[in-house]
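Undergrad: Structure file target_36.cif (mmCIF, C-alpha atoms; chains and numbers go by the auth columns) right here:
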```
data_coords
loop_
_atom_site.group_PDB
_atom_site.id
_atom_site.type_symbol
_atom_site.label_atom_id
_atom_site.label_comp_id
_atom_site.label_asym_id
_atom_site.label_seq_id
_atom_site.Cartn_x
_atom_site.Cartn_y
_atom_site.Cartn_z
_atom_site.B_iso_or_equiv
_atom_site.auth_seq_id
_atom_site.auth_asym_id
ATOM 1 C CA MET A 1 0.000 0.000 0.000 0.00 74 Z
ATOM 2 C CA GLN A 2 2.834 2.388 0.751 0.00 75 Z
ATOM 3 C CA GLY A 3 4.265 1.946 -2.761 0.00 76 Z
ATOM 4 C CA LYS A 4 1.055 3.195 -4.368 0.00 77 Z
ATOM 5 C CA GLU A 5 0.856 6.213 -2.053 0.00 78 Z
ATOM 6 C CA CYS A 6 4.432 7.204 -2.870 0.00 79 Z
ATOM 7 C CA LEU A 7 3.733 6.876 -6.587 0.00 80 Z
ATOM 8 C CA ILE A 8 0.618 9.069 -6.347 0.00 81 Z
ATOM 9 C CA THR A 9 2.320 11.768 -4.282 0.00 82 Z
ATOM 10 C CA SER A 10 5.318 11.836 -6.632 0.00 83 Z
ATOM 11 C CA LYS A 11 2.986 12.318 -9.623 0.00 84 Z
ATOM 12 C CA ILE A 12 1.177 15.168 -7.861 0.00 85 Z
ATOM 13 C CA LYS A 13 4.461 16.871 -7.006 0.00 86 Z
ATOM 14 C CA SER A 14 5.688 16.613 -10.600 0.00 87 Z
ATOM 15 C CA VAL A 15 2.480 18.219 -11.917 0.00 88 Z
ATOM 16 C CA ASP A 16 2.865 21.091 -9.455 0.00 89 Z
ATOM 17 C CA THR A 17 6.400 21.816 -10.628 0.00 90 Z
ATOM 18 C CA LEU A 18 5.494 21.961 -14.323 0.00 91 Z
ATOM 19 C CA SER A 19 4.435 25.296 -15.747 0.00 92 Z
ATOM 20 C CA TYR A 20 1.327 25.384 -17.899 0.00 93 Z
ATOM 21 C CA LYS A 21 1.096 29.145 -18.168 0.00 94 Z
ATOM 22 C CA THR A 22 0.539 30.816 -21.526 0.00 95 Z
ATOM 23 C CA VAL A 23 3.440 33.036 -22.484 0.00 96 Z
ATOM 24 C CA SER A 24 2.382 36.489 -23.582 0.00 97 Z
ATOM 25 C CA ALA A 25 5.194 38.520 -25.112 0.00 98 Z
ATOM 26 C CA ASN A 26 5.606 42.244 -24.614 0.00 99 Z
ATOM 27 C CA LYS A 27 7.994 44.861 -25.925 0.00 100 Z
ATOM 28 C CA ALA A 28 10.596 44.079 -23.246 0.00 101 Z
ATOM 29 C CA THR A 29 10.569 40.279 -23.608 0.00 102 Z
ATOM 30 C CA VAL A 30 10.551 40.063 -27.420 0.00 103 Z
ATOM 31 C CA ASN A 31 13.689 38.663 -29.056 0.00 104 Z
ATOM 32 C CA LYS A 32 14.026 40.393 -32.439 0.00 105 Z
ATOM 33 C CA GLU A 33 16.640 39.215 -34.935 0.00 106 Z
ATOM 34 C CA TRP A 34 17.900 40.555 -38.261 0.00 107 Z
ATOM 35 C CA VAL A 35 17.206 38.287 -41.230 0.00 108 Z
ATOM 36 C CA HIS A 36 18.515 38.586 -44.806 0.00 109 Z
ATOM 37 C CA VAL A 37 16.528 37.166 -47.734 0.00 110 Z
ATOM 38 C CA ASP A 38 17.694 36.961 -51.359 0.00 111 Z
ATOM 39 C CA ALA A 39 14.708 37.517 -53.683 0.00 112 Z
ATOM 40 C CA GLU A 40 16.488 36.439 -56.874 0.00 113 Z
ATOM 41 C CA GLY A 41 14.271 34.080 -58.880 0.00 114 Z
ATOM 42 C CA GLN A 42 11.463 34.100 -56.280 0.00 115 Z
ATOM 43 C CA THR A 43 7.786 34.546 -57.161 0.00 116 Z
ATOM 44 C CA LEU A 44 6.417 37.799 -55.739 0.00 117 Z
ATOM 45 C CA GLY A 45 3.364 36.490 -53.858 0.00 118 Z
ATOM 46 C CA ARG A 46 5.063 33.446 -52.381 0.00 119 Z
ATOM 47 C CA LEU A 47 8.032 35.535 -51.273 0.00 120 Z
ATOM 48 C CA SER A 48 5.740 38.178 -49.758 0.00 121 Z
ATOM 49 C CA SER A 49 3.688 35.712 -47.726 0.00 122 Z
ATOM 50 C CA VAL A 50 6.804 34.216 -46.102 0.00 123 Z
ATOM 51 C CA ILE A 51 8.237 37.701 -45.447 0.00 124 Z
ATOM 52 C CA ALA A 52 4.940 38.784 -43.852 0.00 125 Z
ATOM 53 C CA LYS A 53 5.108 35.762 -41.507 0.00 126 Z
ATOM 54 C CA LEU A 54 8.692 36.625 -40.536 0.00 127 Z
ATOM 55 C CA LEU A 55 7.803 40.299 -39.950 0.00 128 Z
ATOM 56 C CA ARG A 56 4.725 39.418 -37.908 0.00 129 Z
ATOM 57 C CA GLY A 57 6.542 36.794 -35.813 0.00 130 Z
ATOM 58 C CA LYS A 58 4.149 33.931 -36.506 0.00 131 Z
ATOM 59 C CA HIS A 59 7.060 31.504 -36.823 0.00 132 Z
ATOM 60 C CA LYS A 60 8.038 32.037 -33.169 0.00 133 Z
ATOM 61 C CA PRO A 61 6.632 29.994 -30.283 0.00 134 Z
ATOM 62 C CA ASN A 62 5.894 33.137 -28.220 0.00 135 Z
ATOM 63 C CA PHE A 63 3.811 34.854 -30.946 0.00 136 Z
ATOM 64 C CA THR A 64 1.400 37.385 -29.490 0.00 137 Z
ATOM 65 C CA PRO A 65 -1.118 38.964 -31.912 0.00 138 Z
ATOM 66 C CA HIS A 66 -1.111 42.480 -30.421 0.00 139 Z
ATOM 67 C CA VAL A 67 2.701 42.856 -30.097 0.00 140 Z
ATOM 68 C CA ASP A 68 5.402 43.489 -32.704 0.00 141 Z
ATOM 69 C CA CYS A 69 7.346 40.291 -32.002 0.00 142 Z
ATOM 70 C CA GLY A 70 8.630 39.584 -35.519 0.00 143 Z
ATOM 71 C CA ASP A 71 12.096 39.888 -36.976 0.00 144 Z
ATOM 72 C CA ASN A 72 13.677 42.715 -38.956 0.00 145 Z
ATOM 73 C CA VAL A 73 13.912 41.592 -42.586 0.00 146 Z
ATOM 74 C CA ILE A 74 16.338 42.750 -45.292 0.00 147 Z
ATOM 75 C CA ILE A 75 15.448 41.813 -48.882 0.00 148 Z
ATOM 76 C CA THR A 76 18.069 42.094 -51.611 0.00 149 Z
ATOM 77 C CA ASN A 77 17.822 41.560 -55.388 0.00 150 Z
ATOM 78 C CA ALA A 78 14.242 42.860 -55.537 0.00 151 Z
ATOM 79 C CA ALA A 79 14.898 43.734 -59.185 0.00 152 Z
ATOM 80 C CA LYS A 80 15.190 40.005 -59.993 0.00 153 Z
ATOM 81 C CA ILE A 81 11.692 39.069 -58.797 0.00 154 Z
ATOM 82 C CA ASN A 82 9.310 36.967 -60.929 0.00 155 Z
ATOM 83 C CA LEU A 83 5.626 37.425 -61.666 0.00 156 Z
ATOM 84 C CA THR A 84 3.670 34.569 -63.229 0.00 157 Z
ATOM 85 C CA GLY A 85 1.206 34.664 -66.108 0.00 158 Z
ATOM 86 C CA LYS A 86 0.230 38.032 -67.556 0.00 159 Z
ATOM 87 C CA LYS A 87 0.660 39.925 -64.285 0.00 160 Z
ATOM 88 C CA TRP A 88 3.408 42.162 -65.683 0.00 161 Z
ATOM 89 C CA THR A 89 0.892 43.796 -68.037 0.00 162 Z
ATOM 90 C CA GLU A 90 -2.515 43.129 -66.463 0.00 163 Z
ATOM 91 C CA LYS A 91 -1.931 43.644 -62.723 0.00 164 Z
ATOM 92 C CA SER A 92 -2.643 47.261 -61.843 0.00 165 Z
ATOM 93 C CA TYR A 93 -1.782 49.350 -58.797 0.00 166 Z
ATOM 94 C CA ILE A 94 -4.434 52.003 -58.200 0.00 167 Z
ATOM 95 C CA ARG A 95 -4.084 55.158 -56.084 0.00 168 Z
ATOM 96 C CA HIS A 96 -6.083 58.364 -55.737 0.00 169 Z
ATOM 97 C CA THR A 97 -4.788 61.939 -55.538 0.00 170 Z
ATOM 98 C CA GLY A 98 -7.691 63.087 -53.383 0.00 171 Z
ATOM 99 C CA TYR A 99 -9.150 65.369 -56.066 0.00 172 Z
ATOM 100 C CA PRO A 100 -12.246 64.609 -58.154 0.00 173 Z
ATOM 101 C CA GLY A 101 -11.251 62.411 -61.081 0.00 174 Z
ATOM 102 C CA GLY A 102 -7.851 61.860 -59.479 0.00 175 Z
ATOM 103 C CA GLN A 103 -7.655 58.075 -59.799 0.00 176 Z
ATOM 104 C CA ARG A 104 -4.285 56.990 -61.161 0.00 177 Z
ATOM 105 C CA SER A 105 -3.062 53.525 -61.999 0.00 178 Z
ATOM 106 C CA LEU A 106 0.178 51.817 -62.959 0.00 179 Z
ATOM 107 C CA THR A 107 0.749 48.336 -64.301 0.00 180 Z
ATOM 108 C CA ALA A 108 3.213 46.079 -62.527 0.00 181 Z
ATOM 109 C CA GLN A 109 5.761 46.652 -65.314 0.00 182 Z
ATOM 110 C CA GLU A 110 5.471 50.455 -65.023 0.00 183 Z
ATOM 111 C CA LEU A 111 5.875 50.317 -61.241 0.00 184 Z
ATOM 112 C CA TYR A 112 8.841 47.950 -61.632 0.00 185 Z
ATOM 113 C CA ASP A 113 10.496 50.300 -64.130 0.00 186 Z
ATOM 114 C CA LYS A 114 10.060 53.268 -61.764 0.00 187 Z
ATOM 115 C CA ASN A 115 11.132 51.527 -58.557 0.00 188 Z
ATOM 116 C CA PRO A 116 11.470 47.711 -58.260 0.00 189 Z
ATOM 117 C CA GLU A 117 11.606 47.871 -54.452 0.00 190 Z
ATOM 118 C CA ARG A 118 8.073 49.311 -54.319 0.00 191 Z
ATOM 119 C CA LEU A 119 6.667 46.192 -56.023 0.00 192 Z
ATOM 120 C CA VAL A 120 7.878 43.997 -53.151 0.00 193 Z
ATOM 121 C CA GLU A 121 6.953 46.568 -50.485 0.00 194 Z
ATOM 122 C CA LYS A 122 3.360 46.848 -51.742 0.00 195 Z
ATOM 123 C CA ALA A 123 2.947 43.075 -51.844 0.00 196 Z
ATOM 124 C CA VAL A 124 4.223 42.617 -48.277 0.00 197 Z
ATOM 125 C CA LYS A 125 2.298 45.601 -46.883 0.00 198 Z
ATOM 126 C CA GLY A 126 -0.952 44.159 -48.270 0.00 199 Z
ATOM 127 C CA MET A 127 -0.383 41.021 -46.162 0.00 200 Z
ATOM 128 C CA LEU A 128 0.101 42.874 -42.864 0.00 201 Z
ATOM 129 C CA PRO A 129 -2.630 44.134 -40.495 0.00 202 Z
ATOM 130 C CA LYS A 130 -4.328 47.381 -41.552 0.00 203 Z
ATOM 131 C CA ASN A 131 -3.768 49.291 -38.281 0.00 204 Z
ATOM 132 C CA LYS A 132 -1.044 50.983 -36.208 0.00 205 Z
ATOM 133 C CA LEU A 133 0.581 47.636 -35.470 0.00 206 Z
ATOM 134 C CA GLY A 134 0.798 46.855 -39.199 0.00 207 Z
ATOM 135 C CA ALA A 135 2.460 50.226 -39.834 0.00 208 Z
ATOM 136 C CA ALA A 136 4.972 49.570 -37.051 0.00 209 Z
ATOM 137 C CA ILE A 137 5.716 46.084 -38.377 0.00 210 Z
ATOM 138 C CA PHE A 138 6.186 47.420 -41.930 0.00 211 Z
ATOM 139 C CA ARG A 139 8.977 49.695 -40.663 0.00 212 Z
ATOM 140 C CA ASN A 140 10.992 46.527 -39.888 0.00 213 Z
ATOM 141 C CA LEU A 141 11.293 45.774 -43.634 0.00 214 Z
ATOM 142 C CA LYS A 142 14.212 47.021 -45.748 0.00 215 Z
ATOM 143 C CA VAL A 143 14.156 46.320 -49.502 0.00 216 Z
ATOM 144 C CA TYR A 144 17.068 46.823 -51.911 0.00 217 Z
ATOM 145 C CA ALA A 145 17.004 46.394 -55.703 0.00 218 Z
ATOM 146 C CA GLY A 146 20.603 45.154 -55.942 0.00 219 Z
ATOM 147 C CA ALA A 147 22.675 42.557 -54.110 0.00 220 Z
ATOM 148 C CA GLU A 148 24.251 45.112 -51.744 0.00 221 Z
ATOM 149 C CA HIS A 149 22.604 46.489 -48.592 0.00 222 Z
ATOM 150 C CA LYS A 150 23.576 48.995 -45.902 0.00 223 Z
ATOM 151 C CA MET A 151 22.692 46.796 -42.940 0.00 224 Z
ATOM 152 C CA ASP A 152 25.977 44.925 -42.460 0.00 225 Z
ATOM 153 C CA ALA A 153 26.403 46.356 -38.945 0.00 226 Z
ATOM 154 C CA GLN A 154 23.314 44.409 -37.773 0.00 227 Z
ATOM 155 C CA GLN A 155 24.941 41.100 -38.814 0.00 228 Z
ATOM 156 C CA PRO A 156 21.823 39.617 -40.439 0.00 229 Z
ATOM 157 C CA LYS A 157 21.327 35.868 -40.624 0.00 230 Z
ATOM 158 C CA THR A 158 20.776 34.696 -44.235 0.00 231 Z
ATOM 159 C CA ILE A 159 17.701 32.540 -44.779 0.00 232 Z
ATOM 160 C CA ASN A 160 16.936 30.335 -47.781 0.00 233 Z
ATOM 161 C CA LEU A 161 13.213 30.682 -48.511 0.00 234 Z
ATOM 162 C CA ASN A 162 13.084 27.377 -50.390 0.00 235 Z
ATOM 163 C CA GLU A 163 13.694 25.544 -47.104 0.00 236 Z
ATOM 164 C CA ILE A 164 10.985 27.403 -45.128 0.00 237 Z
ATOM 165 C CA LYS A 165 7.431 26.091 -45.283 0.00 238 Z
#
```
With the file now loaded, output its structure as structure tokens.
TA:
Amino acid sequence: MQGKECLITSKIKSVDTLSYKTVSANKATVNKEWVHVDAEGQTLGRLSSVIAKLLRGKHKPNFTPHVDCGDNVIITNAAKINLTGKKWTEKSYIRHTGYPGGQRSLTAQELYDKNPERLVEKAVKGMLPKNKLGAAIFRNLKVYAGAEHKMDAQQPKTINLNEIK
């Protein structure tokens, strides 16, 4: 009889020592890293969805929806991005000047010719929350058209997007 009692009390003690509390991150406890991604040969939408996950922090075990707990992301070679199908000519980016009849639009090719970084920025921004948190998260993204970037001092960790699911 004593053997069973010892077994029961040891199980109860082990349950008491385990922590089952939900971890809620805040600005002080968040661990933000710098990540470098090479966009050469990547499809725009697939690249953008992975980048949005990294920026938001959904890949981390302590993800908290109302906190900026994602990483800082550096994208290089934005000028070597791919679009599938007829998107270069048929996809349009619409804006409005604020005046009557002030609707303006650009095709993806026209926007790419003006500024290839903006194509990637617009795609990622569309996948982030549409509020103050989304604006704060978007500031953690740096996009460069060429292979060089100015963020060497942050010692970014290079990630291969083909290995991330």
Undergrad: Can you list, as a list in words, the residues that the PyMOL selection byres ((chain Z and resi 235) around 12) selects here?
TA: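 Checking the PyMOL selection byres ((chain Z and resi 235) around 12) against this file, the residues are Val110, Asp111, Ala112, Glu113, Gly114, Gln115, Thr116, Arg119, Leu120, Val123, Ile232, Asn233, Leu234, Glu236, Ile237 and Lys238 of chain Z.
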Undergrad: Using all atoms listed in the file, which of Z:Lys198, Z:Lys205, Z:His169, Z:Lys159 sits nearest Lys126 (chain Z)?
TA: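 Selected residue with least distance to Lys126 (chain Z): Z:Lys198.
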Undergrad: If you count all atoms listed in the file, which residues fall within 7 Å of Lys105 (chain Z), apart from same-chain ones fewer than 6 positions away, as a list in words?
TA: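 Skipping anything fewer than 6 positions along the chain leaves Cys142, Gly143, Asp144 and Asn145 of chain Z.
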Undergrad: Write out as an MDAnalysis selection string which residues come within 8 Å of region 147-155 of chain Z when counting only C-alpha atoms, dropping same-chain ones fewer than 4 positions away.
TA: chainID Z and resid 107:117 185 189:190 193 214:222 224 229
Undergrad: In Å, how far is it from CA of Leu201 (chain Z) to CA of Leu128 (chain Z)?
TA: 8.6 Å
Undergrad: Could you tell me how far CA of Gly199 (chain Z) sits from CA of Ala98 (chain Z), in Å to one decimal place?
TA: 24.6 Å
Undergrad: Compare Z:Phe136, Z:Leu179, Z:Val146, Z:Lys94 by their minimum atom-to-atom distance to Glu106 (chain Z), counting all atoms listed in the file, and give me the closest one.
TA: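 Among Z:Phe136, Z:Leu179, Z:Val146, Z:Lys94, it is Z:Val146 that comes nearest to Glu106 (chain Z).
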Undergrad: Regenerate region 142-160 of chain Z at the level of N, CA and C atoms and dump it as a PDB file, in the frame of the given file.
TA:
```pdb
ATOM      1  N   CYS Z 142       6.360  41.260 -32.478  1.00  0.00           N
ATOM      2  CA  CYS Z 142       7.346  40.291 -32.002  1.00  0.00           C
ATOM      3  C   CYS Z 142       8.081  39.615 -33.155  1.00  0.00           C
ATOM      4  N   GLY Z 143       7.967  40.163 -34.358  1.00  0.00           N
ATOM      5  CA  GLY Z 143       8.630  39.584 -35.519  1.00  0.00           C
ATOM      6  C   GLY Z 143      10.056  40.054 -35.672  1.00  0.00           C
ATOM      7  N   ASP Z 144      10.706  39.546 -36.706  1.00  0.00           N
ATOM      8  CA  ASP Z 144      12.096  39.888 -36.976  1.00  0.00           C
ATOM      9  C   ASP Z 144      12.195  41.088 -37.911  1.00  0.00           C
ATOM     10  N   ASN Z 145      13.377  41.680 -37.972  1.00  0.00           N
ATOM     11  CA  ASN Z 145      13.677  42.715 -38.956  1.00  0.00           C
ATOM     12  C   ASN Z 145      14.175  42.007 -40.205  1.00  0.00           C
ATOM     13  N   VAL Z 146      13.605  42.321 -41.365  1.00  0.00           N
ATOM     14  CA  VAL Z 146      13.912  41.592 -42.586  1.00  0.00           C
ATOM     15  C   VAL Z 146      14.556  42.520 -43.611  1.00  0.00           C
ATOM     16  N   ILE Z 147      15.645  42.040 -44.217  1.00  0.00           N
ATOM     17  CA  ILE Z 147      16.338  42.750 -45.292  1.00  0.00           C
ATOM     18  C   ILE Z 147      16.175  41.916 -46.552  1.00  0.00           C
ATOM     19  N   ILE Z 148      15.621  42.511 -47.602  1.00  0.00           N
ATOM     20  CA  ILE Z 148      15.448  41.813 -48.882  1.00  0.00           C
ATOM     21  C   ILE Z 148      16.386  42.444 -49.893  1.00  0.00           C
ATOM     22  N   THR Z 149      17.201  41.618 -50.543  1.00  0.00           N
ATOM     23  CA  THR Z 149      18.069  42.094 -51.611  1.00  0.00           C
ATOM     24  C   THR Z 149      17.637  41.463 -52.937  1.00  0.00           C
ATOM     25  N   ASN Z 150      18.127  42.016 -54.031  1.00  0.00           N
ATOM     26  CA  ASN Z 150      17.822  41.560 -55.388  1.00  0.00           C
ATOM     27  C   ASN Z 150      16.321  41.632 -55.693  1.00  0.00           C
ATOM     28  N   ALA Z 151      15.665  42.684 -55.251  1.00  0.00           N
ATOM     29  CA  ALA Z 151      14.242  42.860 -55.537  1.00  0.00           C
ATOM     30  C   ALA Z 151      14.008  43.084 -57.027  1.00  0.00           C
ATOM     31  N   ALA Z 152      15.029  43.515 -57.749  1.00  0.00           N
ATOM     32  CA  ALA Z 152      14.898  43.734 -59.185  1.00  0.00           C
ATOM     33  C   ALA Z 152      14.857  42.421 -59.963  1.00  0.00           C
ATOM     34  N   LYS Z 153      15.167  41.307 -59.316  1.00  0.00           N
ATOM     35  CA  LYS Z 153      15.190  40.005 -59.993  1.00  0.00           C
ATOM     36  C   LYS Z 153      14.013  39.136 -59.587  1.00  0.00           C
ATOM     37  N   ILE Z 154      12.902  39.766 -59.229  1.00  0.00           N
ATOM     38  CA  ILE Z 154      11.692  39.069 -58.797  1.00  0.00           C
ATOM     39  C   ILE Z 154      10.920  38.562 -60.012  1.00  0.00           C
ATOM     40  N   ASN Z 155      10.124  37.518 -59.837  1.00  0.00           N
ATOM     41  CA  ASN Z 155       9.310  36.967 -60.929  1.00  0.00           C
ATOM     42  C   ASN Z 155       7.836  37.197 -60.651  1.00  0.00           C
ATOM     43  N   LEU Z 156       7.076  37.427 -61.722  1.00  0.00           N
ATOM     44  CA  LEU Z 156       5.626  37.425 -61.666  1.00  0.00           C
ATOM     45  C   LEU Z 156       5.152  36.404 -62.682  1.00  0.00           C
ATOM     46  N   THR Z 157       4.135  35.626 -62.341  1.00  0.00           N
ATOM     47  CA  THR Z 157       3.670  34.569 -63.229  1.00  0.00           C
ATOM     48  C   THR Z 157       2.543  35.064 -64.116  1.00  0.00           C
ATOM     49  N   GLY Z 158       2.319  34.357 -65.204  1.00  0.00           N
ATOM     50  CA  GLY Z 158       1.206  34.664 -66.108  1.00  0.00           C
ATOM     51  C   GLY Z 158       1.363  36.016 -66.774  1.00  0.00           C
ATOM     52  N   LYS Z 159       0.239  36.721 -66.902  1.00  0.00           N
ATOM     53  CA  LYS Z 159       0.230  38.032 -67.556  1.00  0.00           C
ATOM     54  C   LYS Z 159       0.245  39.177 -66.552  1.00  0.00           C
ATOM     55  N   LYS Z 160       0.719  38.916 -65.340  1.00  0.00           N
ATOM     56  CA  LYS Z 160       0.660  39.925 -64.285  1.00  0.00           C
ATOM     57  C   LYS Z 160       1.502  41.157 -64.594  1.00  0.00           C
TER      58      LYS Z 160
END
```
